[in-house]
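Next up, protein22.txt (compact mmCIF, C-alpha atoms and all ligand atoms):
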# COMPACT_ATOMS: atom_id res chain seq x y z
CA MET A 774 34.26 123.18 340.69
CA PRO A 775 35.30 120.39 338.29
CA ALA A 776 33.93 121.73 334.97
CA GLU A 777 35.13 118.65 333.04
CA GLU A 778 32.28 116.64 334.54
CA PHE A 779 29.77 119.01 332.93
CA VAL A 780 31.45 118.83 329.50
CA ALA A 781 31.79 115.04 329.66
CA GLY A 782 28.11 114.83 330.59
CA TRP A 783 27.15 116.90 327.56
CA VAL A 784 29.19 114.95 324.96
CA SER A 785 28.22 111.55 326.32
CA GLY A 786 24.54 112.53 326.49
CA ALA A 787 24.52 113.71 322.85
CA LEU A 788 26.01 110.40 321.63
CA GLY A 789 23.43 108.41 323.56
CA LEU A 790 20.58 110.62 322.40
CA VAL A 791 21.13 110.17 318.65
CA LEU A 792 21.42 106.42 319.10
CA GLY A 793 18.23 106.16 321.12
CA HIS A 794 15.89 108.65 319.44
CA PRO A 795 14.12 106.20 317.07
CA PHE A 796 13.29 103.95 320.07
CA ASP A 797 12.10 107.01 321.95
CA THR A 798 9.68 108.02 319.17
CA ILE A 799 8.12 104.54 319.16
CA LYS A 800 7.79 104.66 322.94
CA VAL A 801 6.11 108.08 322.96
CA ARG A 802 3.62 106.96 320.29
CA LEU A 803 2.79 103.73 322.17
CA GLN A 804 2.27 105.63 325.42
CA SER A 805 0.04 108.37 324.11
CA GLN A 806 -1.82 106.89 321.13
CA ASN A 807 -3.99 103.80 321.15
CA LYS A 808 -3.84 102.96 317.45
CA TYR A 809 -0.76 100.71 317.43
CA ARG A 810 -0.79 96.94 318.10
CA GLY A 811 2.78 96.87 319.44
CA ILE A 812 6.36 97.90 318.81
CA LEU A 813 6.69 96.30 315.37
CA ASP A 814 3.33 97.60 314.18
CA CYS A 815 4.22 101.10 315.37
CA ALA A 816 7.67 100.99 313.74
CA SER A 817 6.32 99.73 310.44
CA GLN A 818 3.49 102.32 310.38
CA ILE A 819 5.97 105.12 311.05
CA TYR A 820 8.25 103.84 308.29
CA ARG A 821 5.43 103.36 305.75
CA HIS A 822 3.65 106.69 306.34
CA GLU A 823 6.46 108.99 307.41
CA SER A 824 9.65 107.34 306.02
CA VAL A 825 12.78 106.93 308.11
CA LEU A 826 12.59 110.64 308.98
CA GLY A 827 9.51 109.88 311.07
CA PHE A 828 11.75 108.17 313.65
CA PHE A 829 13.79 111.33 314.07
CA LYS A 830 10.92 113.75 314.63
CA GLY A 831 11.49 116.09 317.53
CA MET A 832 15.24 115.36 317.76
CA SER A 833 16.67 118.80 317.03
CA PHE A 834 15.54 120.35 320.31
CA PRO A 835 16.83 117.52 322.52
CA ILE A 836 20.18 117.75 320.69
CA ALA A 837 20.31 121.46 321.40
CA SER A 838 19.20 121.02 325.00
CA ILE A 839 21.28 117.94 325.86
CA ALA A 840 24.25 120.21 326.51
CA LEU A 841 22.31 121.74 329.36
CA VAL A 842 20.36 118.70 330.55
CA ASN A 843 23.04 115.99 330.65
CA SER A 844 25.81 118.28 331.80
CA VAL A 845 23.54 119.41 334.64
CA LEU A 846 22.74 115.79 335.54
CA PHE A 847 26.33 114.52 335.58
CA GLY A 848 27.78 117.80 336.84
CA VAL A 849 25.38 118.06 339.79
CA TYR A 850 25.74 114.35 340.58
CA SER A 851 29.55 114.41 340.63
CA ASN A 852 29.80 117.66 342.53
CA VAL A 853 27.21 116.68 345.17
CA LEU A 854 29.05 113.38 345.60
CA LEU A 855 32.29 115.29 345.98
CA VAL A 856 30.74 117.41 348.73
CA LEU A 857 29.26 114.36 350.49
CA THR A 858 32.36 112.17 350.33
CA ALA A 859 35.27 114.62 349.89
CA THR A 860 36.72 112.17 347.34
CA PRO A 861 37.75 113.53 343.91
CA TYR A 862 36.90 111.64 340.71
CA GLN A 863 40.45 110.26 340.33
CA GLU A 864 40.17 108.45 343.68
CA ARG A 865 36.66 107.09 343.14
CA TRP A 866 37.70 103.45 342.74
CA THR A 867 40.30 103.40 345.52
CA HIS A 868 37.98 105.14 348.04
CA PRO A 869 34.48 104.02 347.02
CA ALA A 870 31.56 106.12 348.24
CA MET A 871 28.68 104.76 350.31
CA TYR A 872 25.62 103.74 348.27
CA THR A 873 23.41 106.12 350.28
CA ASP A 874 25.62 109.05 349.21
CA ILE A 875 25.53 107.88 345.59
CA PHE A 876 21.74 107.59 345.76
CA LEU A 877 21.35 111.06 347.29
CA ALA A 878 23.70 112.65 344.74
CA GLY A 879 21.81 110.89 341.90
CA CYS A 880 18.42 112.08 343.24
CA MET A 881 19.78 115.61 343.44
CA GLY A 882 21.08 115.38 339.85
CA GLY A 883 17.69 114.10 338.68
CA PHE A 884 15.80 116.79 340.57
CA VAL A 885 17.85 119.68 339.16
CA GLN A 886 17.91 118.13 335.67
CA SER A 887 14.12 117.87 335.57
CA TYR A 888 13.81 121.65 335.95
CA CYS A 889 15.89 122.20 332.80
CA LEU A 890 14.35 119.32 330.88
CA GLY A 891 10.59 120.10 331.27
CA PRO A 892 9.89 122.48 328.35
CA PHE A 893 12.31 120.71 325.97
CA ASP A 894 10.75 117.35 326.75
CA LEU A 895 7.25 118.75 326.20
CA ILE A 896 8.18 120.03 322.73
CA LYS A 897 9.85 116.73 321.86
CA VAL A 898 6.78 114.72 322.88
CA ARG A 899 4.38 117.01 320.99
CA LEU A 900 6.48 116.76 317.79
CA GLN A 901 6.96 113.01 318.12
CA ASN A 902 3.21 112.57 318.35
CA GLN A 903 2.58 114.24 314.99
CA THR A 904 1.80 111.50 312.51
CA GLU A 905 1.65 113.61 309.32
CA PRO A 906 4.39 112.71 306.80
CA ARG A 907 6.82 115.59 306.42
CA LEU A 908 7.82 115.49 302.82
CA LYS A 909 4.68 114.44 300.93
CA PRO A 910 3.24 117.33 298.91
CA GLY A 911 -0.52 117.73 299.30
CA SER A 912 -0.67 115.87 302.63
CA PRO A 913 -2.29 117.67 305.61
CA GLN A 914 -0.06 120.20 307.34
CA PRO A 915 1.02 119.16 310.84
CA ARG A 916 -0.07 121.37 313.72
CA TYR A 917 3.54 122.29 314.52
CA ARG A 918 6.04 123.14 311.75
CA GLY A 919 9.09 122.63 313.96
CA PRO A 920 10.36 123.07 317.52
CA LEU A 921 10.31 126.88 317.53
CA HIS A 922 6.85 127.01 315.97
CA CYS A 923 5.73 124.41 318.53
CA MET A 924 7.08 126.52 321.39
CA ALA A 925 5.47 129.70 320.02
CA SER A 926 2.06 128.00 319.54
CA ILE A 927 2.12 126.51 323.04
CA LEU A 928 2.95 129.94 324.48
CA GLN A 929 0.19 131.53 322.45
CA LYS A 930 -2.56 128.95 323.08
CA GLU A 931 -1.67 127.61 326.51
CA GLY A 932 0.44 130.41 328.03
CA VAL A 933 3.76 130.10 329.91
CA GLN A 934 2.09 127.54 332.15
CA GLY A 935 1.51 125.43 329.03
CA LEU A 936 5.27 125.13 328.51
CA LEU A 937 5.56 123.59 331.97
CA ARG A 938 2.84 120.99 331.34
CA GLY A 939 4.02 117.65 332.71
CA SER A 940 7.06 119.18 334.47
CA GLY A 941 5.86 118.23 337.96
CA THR A 942 5.40 114.61 336.88
CA LEU A 943 8.81 114.71 335.22
CA MET A 944 10.36 115.78 338.51
CA LEU A 945 8.59 112.95 340.36
CA ARG A 946 9.80 110.52 337.69
CA ASP A 947 13.43 111.65 337.62
CA THR A 948 14.34 112.32 341.24
CA PRO A 949 14.29 108.75 342.61
CA THR A 950 15.03 106.98 339.34
CA LEU A 951 18.29 108.83 338.80
CA GLY A 952 19.34 107.78 342.28
CA ILE A 953 18.66 104.20 341.16
CA TYR A 954 20.56 104.87 337.92
CA PHE A 955 23.85 105.82 339.57
CA VAL A 956 23.59 103.20 342.34
CA THR A 957 23.10 100.43 339.72
CA TYR A 958 26.05 101.70 337.70
CA GLU A 959 28.38 101.82 340.71
CA TRP A 960 27.19 98.51 342.07
CA PHE A 961 27.77 96.67 338.79
CA CYS A 962 31.23 98.23 338.31
CA ARG A 963 32.33 97.28 341.84
CA TYR A 964 30.84 93.78 341.57
CA SER A 965 32.75 93.03 338.34
CA THR A 966 36.07 94.69 339.17
CA PRO A 967 38.80 93.63 341.65
CA LYS A 968 38.90 96.00 344.68
CA GLY A 969 40.73 99.28 344.11
CA GLN A 970 41.00 98.91 340.30
CA GLU A 971 39.28 100.91 337.58
CA PRO A 972 36.51 99.03 335.73
CA SER A 973 37.31 97.85 332.19
CA SER A 974 35.56 99.31 329.13
CA THR A 975 33.34 96.23 328.85
CA THR A 976 32.32 96.55 332.49
CA VAL A 977 31.53 100.24 332.03
CA LEU A 978 29.43 99.45 328.93
CA VAL A 979 27.43 96.71 330.62
CA ALA A 980 27.08 98.64 333.90
CA GLY A 981 25.83 101.72 331.97
CA GLY A 982 23.38 99.55 330.04
CA PHE A 983 21.98 97.95 333.20
CA ALA A 984 21.81 101.32 334.96
CA GLY A 985 19.71 102.59 332.06
CA ILE A 986 17.39 99.58 332.20
CA ALA A 987 16.99 99.72 336.01
CA SER A 988 16.17 103.42 335.94
CA TRP A 989 13.74 103.16 333.04
CA VAL A 990 11.93 100.11 334.41
CA THR A 991 11.22 102.05 337.60
CA ALA A 992 10.46 105.26 335.70
CA THR A 993 8.00 103.81 333.18
CA PRO A 994 4.73 104.19 335.20
CA LEU A 995 5.33 107.91 335.75
CA ASP A 996 6.72 108.23 332.24
CA VAL A 997 3.34 107.14 330.85
CA ILE A 998 1.53 109.67 333.04
CA LYS A 999 4.00 112.44 332.16
CA CYS A 1000 3.49 111.78 328.46
CA ARG A 1001 -0.29 111.96 328.83
CA MET A 1002 -0.13 115.16 330.88
CA GLN A 1003 2.07 116.71 328.19
CA MET A 1004 -0.39 115.81 325.42
CA ASP A 1005 -3.35 116.98 327.50
CA GLY A 1006 -4.71 120.38 326.53
CA LEU A 1007 -3.89 119.94 322.86
CA LYS A 1008 -7.55 119.44 321.97
CA GLU A 1009 -9.48 119.30 325.24
CA ARG A 1010 -8.38 119.08 328.88
CA LEU A 1011 -8.95 115.51 330.06
CA TYR A 1012 -7.05 115.52 333.36
CA ARG A 1013 -7.34 117.67 336.46
CA GLY A 1014 -3.85 116.68 337.67
CA VAL A 1015 -1.38 113.80 338.05
CA VAL A 1016 -3.57 111.74 340.39
CA HIS A 1017 -6.64 112.20 338.21
CA CYS A 1018 -4.61 111.18 335.13
CA MET A 1019 -3.39 108.03 336.96
CA ALA A 1020 -6.88 107.13 338.17
CA SER A 1021 -8.61 107.64 334.86
CA SER A 1022 -5.90 105.82 332.88
CA LEU A 1023 -6.17 102.90 335.34
CA ARG A 1024 -9.97 102.86 335.20
CA GLN A 1025 -10.12 102.95 331.41
CA GLU A 1026 -7.17 100.74 330.46
CA GLY A 1027 -6.35 98.59 333.51
CA PRO A 1028 -3.03 98.30 335.41
CA GLY A 1029 -1.15 97.33 332.23
CA VAL A 1030 -1.30 100.97 331.20
CA PHE A 1031 1.51 101.79 333.64
CA PHE A 1032 3.85 99.47 331.79
CA ARG A 1033 3.18 100.78 328.34
CA GLY A 1034 6.45 101.31 326.54
CA LEU A 1035 8.39 99.25 329.11
CA THR A 1036 9.96 96.89 326.54
CA ILE A 1037 10.94 99.64 324.18
CA ASN A 1038 12.17 101.81 327.06
CA SER A 1039 14.44 98.99 328.22
CA ALA A 1040 15.63 98.10 324.70
CA ARG A 1041 16.52 101.75 324.15
CA ALA A 1042 18.04 102.24 327.59
CA PHE A 1043 20.78 99.62 327.23
CA PRO A 1044 22.71 100.95 324.20
CA VAL A 1045 22.01 104.61 325.03
CA ASN A 1046 23.37 104.42 328.55
CA ALA A 1047 26.19 102.02 327.70
CA VAL A 1048 27.50 104.63 325.24
CA THR A 1049 26.76 107.51 327.61
CA PHE A 1050 28.77 106.04 330.52
CA LEU A 1051 31.61 104.76 328.35
CA SER A 1052 32.15 108.17 326.72
CA TYR A 1053 31.73 109.94 330.08
CA GLU A 1054 34.36 107.79 331.81
CA TYR A 1055 36.75 108.00 328.85
CA LEU A 1056 36.52 111.76 328.59
CA LEU A 1057 37.22 112.14 332.30
CA ARG A 1058 40.14 109.68 332.22
CA TRP A 1059 41.52 111.43 329.16
CA TRP A 1060 41.41 114.80 330.92
CA GLY A 1061 43.20 113.14 333.81
C1 LIG P 1101 14.01 109.08 333.73
N1 LIG P 1101 15.13 108.22 333.66
C2 LIG P 1101 14.95 106.87 334.07
C3 LIG P 1101 16.35 108.66 333.27
N2 LIG P 1101 16.48 109.81 332.88
N3 LIG P 1101 17.34 107.82 333.39
C4 LIG P 1101 18.67 108.21 333.08
C5 LIG P 1101 18.97 107.94 331.65
C6 LIG P 1101 19.40 109.13 330.92
C7 LIG P 1101 19.63 108.88 329.48
N4 LIG P 1101 19.88 110.14 328.86
C8 LIG P 1101 18.45 108.23 328.80
O1 LIG P 1101 17.68 108.94 328.16
O2 LIG P 1101 18.28 107.02 328.89

Structure rendered as structure tokens:
Amino acid sequence: MPAEEFVAGWVSGALGLVLGHPFDTIKVRLQSQNKYRGILDCASQIYRHESVLGFFKGMSFPIASIALVNSVLFGVYSNVLLVLTATPYQERWTHPAMYTDIFLAGCMGGFVQSYCLGPFDLIKVRLQNQTEPRLKPGSPQPRYRGPLHCMASILQKEGVQGLLRGSGTLMLRDTPTLGIYFVTYEWFCRYSTPKGQEPSSTTVLVAGGFAGIASWVTATPLDVIKCRMQMDGLKERLYRGVVHCMASSLRQEGPGVFFRGLTINSARAFPVNAVTFLSYEYLLRWWG
């Protein structure tokens, strides 16, 4: 089993994560709170009330979990593709796989990844949605003092089931969109590279960026619902399930609700996934 693919997935995911976290915080706030007028308003409110640290709320847990999550995604993807095509990584560009195999391997990676990601993502979203400034003495205490306290309070108040809140929606979001992610990446690399050659660094960067955008554009409607399901239960239970959450969000806010955070998701997706794919490819080439 090629273990390098798992390690490369971890390192590349961590680089992308740090770069993209401030965008991610703005997106989560826009999707689950109605008090912001747009991206700039949200960013300036975070900066004014919570300082630059506000953008990095909830980052420690994703950093700790990215080792598991991204290595699972890239490791499962590469190994499923290896099983489907019997072509090792080194021969990927000389014997290109069929797009259906790439899509299936990506879906599988997304499906398995979502099982590991659920509780970490829930804690991240809950922490990102806390608007209390961290360092101001005398200001109200936030509900959660940090990721471990957040996890303990969820377990205590909402039970083990509480830690899995939103996980089903996460799985629905990630399974097809990660298929789209890898297909877009491969398609762009092949389109911009002469047959049989390895793509250049610029091609890998741009292909990774577009793969990120394509996957997030298609993931945004379920991303909004996932975010709402994860915040549900904090004060009162508003939704009876995914379909009820979709229907009531649509009824109350119109179809535009499913595209909330789309611009920021796409703006974040390009640099994050450009860096992720470039470091992934380089690490694997370096290991030979
Ligand atoms: C749910 N979707 C669309 C994805 N997970 N797409 C893959 C991008 C992964 C990358 N770590 C990122 O956060 O952009």

Site check for ligand LIG 1101 (chain P): residues at most 7 Å away, only C-alpha atoms and all ligand atoms, as a list of chain:residue names: A:Gly786, A:Gly789, A:Leu790, A:Asn843, A:Arg946, A:Asp947, A:Thr950, A:Leu951, A:Tyr954, A:Gly985, A:Ser988, A:Trp989, A:Ala992, A:Ala1042, A:Val1045, A:Asn1046

Using only C-alpha atoms, which residues of range 927-1002 of chain A come within 10 Å of range 870-888 of chain A, and what is the closest atom pair for each, with the distance in Å to one decimal? Give it as JSON lines, sorted by chain and residue number.
{"residue": "A:Leu937", "atom": "CA", "partner": "A:Tyr888", "partner_atom": "CA", "distance": 9.4}
{"residue": "A:Ser940", "atom": "CA", "partner": "A:Ser887", "partner_atom": "CA", "distance": 7.3}
{"residue": "A:Gly941", "atom": "CA", "partner": "A:Ser887", "partner_atom": "CA", "distance": 8.6}
{"residue": "A:Thr942", "atom": "CA", "partner": "A:Ser887", "partner_atom": "CA", "distance": 9.4}
{"residue": "A:Leu943", "atom": "CA", "partner": "A:Ser887", "partner_atom": "CA", "distance": 6.2}
{"residue": "A:Met944", "atom": "CA", "partner": "A:Ser887", "partner_atom": "CA", "distance": 5.2}
{"residue": "A:Leu945", "atom": "CA", "partner": "A:Phe884", "partner_atom": "CA", "distance": 8.2}
{"residue": "A:Arg946", "atom": "CA", "partner": "A:Gly883", "partner_atom": "CA", "distance": 8.7}
{"residue": "A:Asp947", "atom": "CA", "partner": "A:Gly883", "partner_atom": "CA", "distance": 5.0}
{"residue": "A:Thr948", "atom": "CA", "partner": "A:Cys880", "partner_atom": "CA", "distance": 4.6}
{"residue": "A:Pro949", "atom": "CA", "partner": "A:Cys880", "partner_atom": "CA", "distance": 5.3}
{"residue": "A:Thr950", "atom": "CA", "partner": "A:Cys880", "partner_atom": "CA", "distance": 7.3}
{"residue": "A:Leu951", "atom": "CA", "partner": "A:Gly879", "partner_atom": "CA", "distance": 5.1}
{"residue": "A:Gly952", "atom": "CA", "partner": "A:Gly879", "partner_atom": "CA", "distance": 4.0}
{"residue": "A:Ile953", "atom": "CA", "partner": "A:Phe876", "partner_atom": "CA", "distance": 6.5}
{"residue": "A:Tyr954", "atom": "CA", "partner": "A:Gly879", "partner_atom": "CA", "distance": 7.3}
{"residue": "A:Phe955", "atom": "CA", "partner": "A:Gly879", "partner_atom": "CA", "distance": 5.9}
{"residue": "A:Val956", "atom": "CA", "partner": "A:Phe876", "partner_atom": "CA", "distance": 5.9}
{"residue": "A:Thr957", "atom": "CA", "partner": "A:Phe876", "partner_atom": "CA", "distance": 9.5}
{"residue": "A:Glu959", "atom": "CA", "partner": "A:Tyr872", "partner_atom": "CA", "distance": 8.3}
{"residue": "A:Trp960", "atom": "CA", "partner": "A:Tyr872", "partner_atom": "CA", "distance": 8.3}

Choose the residue, out of A:Asp797, A:Asp996, A:Asp1005, A:Glu905, that has the smallest atom-to-atom separation from Gly935 in chain A; count all atoms listed in the file. A:Asp1005

Quote the spacing between CA of Asn807 in chain A and CA of Ala1020 in chain A in Å to one decimal place.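 Interatomic distance, CA of Asn807 in chain A to CA of Ala1020 in chain A: 17.6 Å.
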
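Residue nearest Ile896 in chain A, chosen from A:His794, A:Arg865, A:Lys830, A:Lys808 and counting only C-alpha atoms: A:Lys830.
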
All residues 12 Å or closer to Gly793 in chain A, all atoms listed in the file, same chain fewer than 4 positions away omitted, as a PDB file with C-alpha atoms, in the coordinates of the input:
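After the write, result-v2.pdb holds the following:
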ATOM      1  CA  GLY A 786      24.540 112.530 326.490  1.00  0.00           C
ATOM      2  CA  ALA A 787      24.520 113.710 322.850  1.00  0.00           C
ATOM      3  CA  LEU A 788      26.010 110.400 321.630  1.00  0.00           C
ATOM      4  CA  GLY A 789      23.430 108.410 323.560  1.00  0.00           C
ATOM      5  CA  ASP A 797      12.100 107.010 321.950  1.00  0.00           C
ATOM      6  CA  THR A 798       9.680 108.020 319.170  1.00  0.00           C
ATOM      7  CA  ILE A 799       8.120 104.540 319.160  1.00  0.00           C
ATOM      8  CA  LYS A 800       7.790 104.660 322.940  1.00  0.00           C
ATOM      9  CA  PHE A 828      11.750 108.170 313.650  1.00  0.00           C
ATOM     10  CA  PHE A 829      13.790 111.330 314.070  1.00  0.00           C
ATOM     11  CA  MET A 832      15.240 115.360 317.760  1.00  0.00           C
ATOM     12  CA  PRO A 835      16.830 117.520 322.520  1.00  0.00           C
ATOM     13  CA  ILE A 836      20.180 117.750 320.690  1.00  0.00           C
ATOM     14  CA  GLY A 985      19.710 102.590 332.060  1.00  0.00           C
ATOM     15  CA  ILE A1037      10.940  99.640 324.180  1.00  0.00           C
ATOM     16  CA  ASN A1038      12.170 101.810 327.060  1.00  0.00           C
ATOM     17  CA  SER A1039      14.440  98.990 328.220  1.00  0.00           C
ATOM     18  CA  ALA A1040      15.630  98.100 324.700  1.00  0.00           C
ATOM     19  CA  ARG A1041      16.520 101.750 324.150  1.00  0.00           C
ATOM     20  CA  ALA A1042      18.040 102.240 327.590  1.00  0.00           C
ATOM     21  CA  PHE A1043      20.780  99.620 327.230  1.00  0.00           C
ATOM     22  CA  PRO A1044      22.710 100.950 324.200  1.00  0.00           C
ATOM     23  CA  VAL A1045      22.010 104.610 325.030  1.00  0.00           C
ATOM     24  CA  ASN A1046      23.370 104.420 328.550  1.00  0.00           C
ATOM     25  CA  ALA A1047      26.190 102.020 327.700  1.00  0.00           C
ATOM     26  CA  VAL A1048      27.500 104.630 325.240  1.00  0.00           C
ATOM     27  CA  THR A1049      26.760 107.510 327.610  1.00  0.00           C
TER      28      THR A1049
END

Tell me, as number ranges by chain, which residues lie within 9 Å of Ile819 in chain A, counting only C-alpha atoms; anything in the same chain fewer than 5 positions away does not count. A: 799, 814, 824-828, 904, 906

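In this structure, CA of Leu1056 in chain A sits 23.5 Å away from CA of Cys889 in chain A.
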
Quick one, how far is CA of Gly811 in chain A from CA of Val997 in chain A? 15.4 Å

Determine the nearest neighbour of Glu778 in chain A from the options A:Ala837, A:Ala816, A:Leu854, A:Met924, counting only C-alpha atoms.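 With only C-alpha atoms as the atom set, the closest residue is A:Leu854.
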
From the list A:Ala984, A:Ile998, A:Ile927, A:Met1004, which residue is nearest His1017 in chain A when using only C-alpha atoms? A:Ile998

Taking the partial coordinates given, rebuild range 1008-1021 of chain A to contain N, CA, C and O atoms; return it as a compact mmCIF listing (two decimals), in the coordinates of the input.
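Listed below is the output, part_15.txt:
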# COMPACT_ATOMS: atom_id res chain seq x y z
N LYS A 1008 -6.19 119.25 322.50
CA LYS A 1008 -7.55 119.44 321.97
C LYS A 1008 -8.47 119.86 323.11
O LYS A 1008 -8.97 120.95 323.16
N GLU A 1009 -8.67 118.95 324.07
CA GLU A 1009 -9.48 119.30 325.24
C GLU A 1009 -8.71 118.88 326.49
O GLU A 1009 -7.82 118.04 326.41
N ARG A 1010 -9.05 119.48 327.65
CA ARG A 1010 -8.38 119.08 328.88
C ARG A 1010 -9.08 117.86 329.44
O ARG A 1010 -10.26 117.89 329.75
N LEU A 1011 -8.35 116.74 329.54
CA LEU A 1011 -8.95 115.51 330.06
C LEU A 1011 -8.66 115.32 331.54
O LEU A 1011 -9.43 114.71 332.27
N TYR A 1012 -7.50 115.84 332.00
CA TYR A 1012 -7.05 115.52 333.36
C TYR A 1012 -6.98 116.76 334.25
O TYR A 1012 -6.52 117.80 333.81
N ARG A 1013 -7.40 116.56 335.50
CA ARG A 1013 -7.34 117.67 336.46
C ARG A 1013 -5.99 117.73 337.17
O ARG A 1013 -5.71 118.67 337.87
N GLY A 1014 -5.17 116.71 337.03
CA GLY A 1014 -3.85 116.68 337.67
C GLY A 1014 -3.26 115.28 337.55
O GLY A 1014 -3.87 114.39 336.94
N VAL A 1015 -2.09 115.08 338.16
CA VAL A 1015 -1.38 113.80 338.05
C VAL A 1015 -2.23 112.64 338.57
O VAL A 1015 -2.36 111.59 337.91
N VAL A 1016 -2.83 112.84 339.77
CA VAL A 1016 -3.57 111.74 340.39
C VAL A 1016 -4.80 111.40 339.56
O VAL A 1016 -5.11 110.21 339.32
N HIS A 1017 -5.46 112.44 339.05
CA HIS A 1017 -6.64 112.20 338.21
C HIS A 1017 -6.24 111.46 336.92
O HIS A 1017 -6.94 110.55 336.47
N CYS A 1018 -5.09 111.84 336.35
CA CYS A 1018 -4.61 111.18 335.13
C CYS A 1018 -4.33 109.70 335.42
O CYS A 1018 -4.70 108.82 334.64
N MET A 1019 -3.69 109.42 336.58
CA MET A 1019 -3.39 108.03 336.96
C MET A 1019 -4.68 107.24 337.11
O MET A 1019 -4.82 106.15 336.57
N ALA A 1020 -5.64 107.85 337.86
CA ALA A 1020 -6.88 107.13 338.17
C ALA A 1020 -7.67 106.89 336.90
O ALA A 1020 -8.18 105.77 336.68
N SER A 1021 -7.77 107.89 336.03
CA SER A 1021 -8.61 107.64 334.86
C SER A 1021 -7.92 106.72 333.86
O SER A 1021 -8.59 105.92 333.20
